[in-house]
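As structure tokens, the structure follows; a few thoughts come after it.
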Amino acid sequence: MKKVFVLCLCSILLMACHKTLPQQESRHQHTIIDWVDFLKIDGIQYESIQSGVMTSSDDIGEVVGEITYKVSGNVTNPYYNIQNGDAAFWEPGTKVYGIKGAEGLVAVEDQHEVNGYRIYASETGTEQYEWHFLDIDKTAINKVEIYEEYDDSNVINTITDEQEINEFLNILNEGEERPLFTPNTTQGDPTIFEMIFYHDHVFAYKYTMLFDGDDWYWHPWETSIVSKDIGKFVEINHR
């Protein structure tokens with residue numbers, strides 16, 4: 001009797017497992033996916049470069065492709081196979097442009113970005129160019145622009161004097177690393193700034209700096225607190 005009971009119990013469990021499989025698959029197929037900002041053109045997948053902007057729209061080349069399908073909000077299957085013409089967030093009909101003299105990079109028009117385009121890099125473009133502040137050639141920087149975030153049409157300051165550029169860079173480089181730093185939010189959210197560093201490439205570097213009313217800080221790798229002397233390069237209404 002014990003053997004019969006065990007066999008019956010196993011049969012019931014197997015039937016239960018079999019019945020729940022379709023439900024499990026259904027849940028997987030309707031997952032909300034946190035998409036990376038990507039697009040795929042001519043068999044090559046590109047991802048958005050957060051630390052780069054175009055130097056000038058004059059360096060935008062010919063159309064190399066067009067977005068035909070937006071996956072965000074439309075695809076819920078995490079096993080979806082990305083197709084040519086797919087993009088995470090761009091609507092169908094969006095044009096994708098080449099960038100003159102920059103292999104592995106493409107651009108999409110975006111009025112929210114400094115100089116009007118968002119840059120995307122393939123694996124080749126990611127490896128070919130330095131994107132991290134610690135790796136770039138600081139001696140080649142010939143202009144710095146500072147914007148308050150969400151107002152990319154209004155430059156707070158433009159620095160072109162070599163001595164001032166070096167002073168600005170030195171303040172950033174001499175910052176104190178504080179990985180456990182917590183900003184002061186008692187007066188509201190920190191003010192966010194974008195620093196654009198121009199050199200002789202068709203793209204410029206973009207990094208973020210914040211001010212919480214007490215401290216200036218940014219994230220070259222770990223969180224770094226910079227001297228209040230940097231405030232003289234940034235005109236804001238102090239809270």
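For the structure tokens, the naming scheme is as follows: chains receive sequential letters (A, B, ...) according to their order of presentation, residues are indexed from 1 within each chain, and ligands are indexed from 1 in presentation order.
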
Quick one: residues within 7 Å of stretch 99-112 of chain A, only C-alpha atoms counted, chain neighbours fewer than 2 positions away excluded, as a list in words? Asp59, Ile60, Gly61, Lys95, Val96, Tyr97, Val114, Gly116, Tyr117, Arg118, Ile119, Tyr120, Ala121, Ser122, Thr124, Gly125 and Asp152 of chain A

Just the strand (DSSP E) stuff from stretch 57-110 of chain A, please, per backbone DSSP, written as a ChimeraX atom specification. /A:60-66,69-70,86-87,95-99,105-109

Excluding A:Gly175 and its own-chain neighbours fewer than 2 positions away, which residues fall within 6 Å of it when counting only C-alpha atoms? Please give them as a tab-separated table (two decimals) with N, CA, C and O atoms, in the first residue's frame.
```
chain	number	residue	atom	x	y	z
A	172	LEU	N	39.06	69.55	-10.71
A	172	LEU	CA	38.39	68.24	-10.83
A	172	LEU	C	39.33	67.11	-10.44
A	172	LEU	O	38.96	66.19	-9.70
A	173	ASN	N	40.57	67.19	-10.94
A	173	ASN	CA	41.53	66.10	-10.69
A	173	ASN	C	41.92	66.00	-9.21
A	173	ASN	O	42.28	64.92	-8.74
A	224	SER	N	33.46	61.95	-5.99
A	224	SER	CA	34.57	62.83	-5.66
A	224	SER	C	34.04	64.22	-5.29
A	224	SER	O	33.24	64.80	-6.03
A	225	ILE	N	34.47	64.72	-4.13
A	225	ILE	CA	34.10	66.06	-3.69
A	225	ILE	C	35.17	67.02	-4.16
A	225	ILE	O	36.37	66.82	-3.91
A	226	VAL	N	34.76	68.07	-4.89
A	226	VAL	CA	35.74	69.01	-5.43
A	226	VAL	C	35.70	70.32	-4.65
A	226	VAL	O	34.72	70.64	-3.98
```

For A:Gln50: contacts at 12 Å, only C-alpha atoms, fewer than 2 positions along chain excluded, given as an MDAnalysis selection string: chainID A and resid 36:38 47:48 52:54 113:114 117:121 126 131:132 194 196 203:208

From the options A:Thr94, A:Leu180, A:Ser51, A:Gln45, which residue's atoms come nearest to A:Tyr129, counting only C-alpha atoms?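 Of all the options, A:Ser51 lies closest to A:Tyr129.
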
What is the atom CA of A:Ala87 to atom CA of A:Trp35 distance in Å?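 Distance between the two atoms: 9.6 Å.
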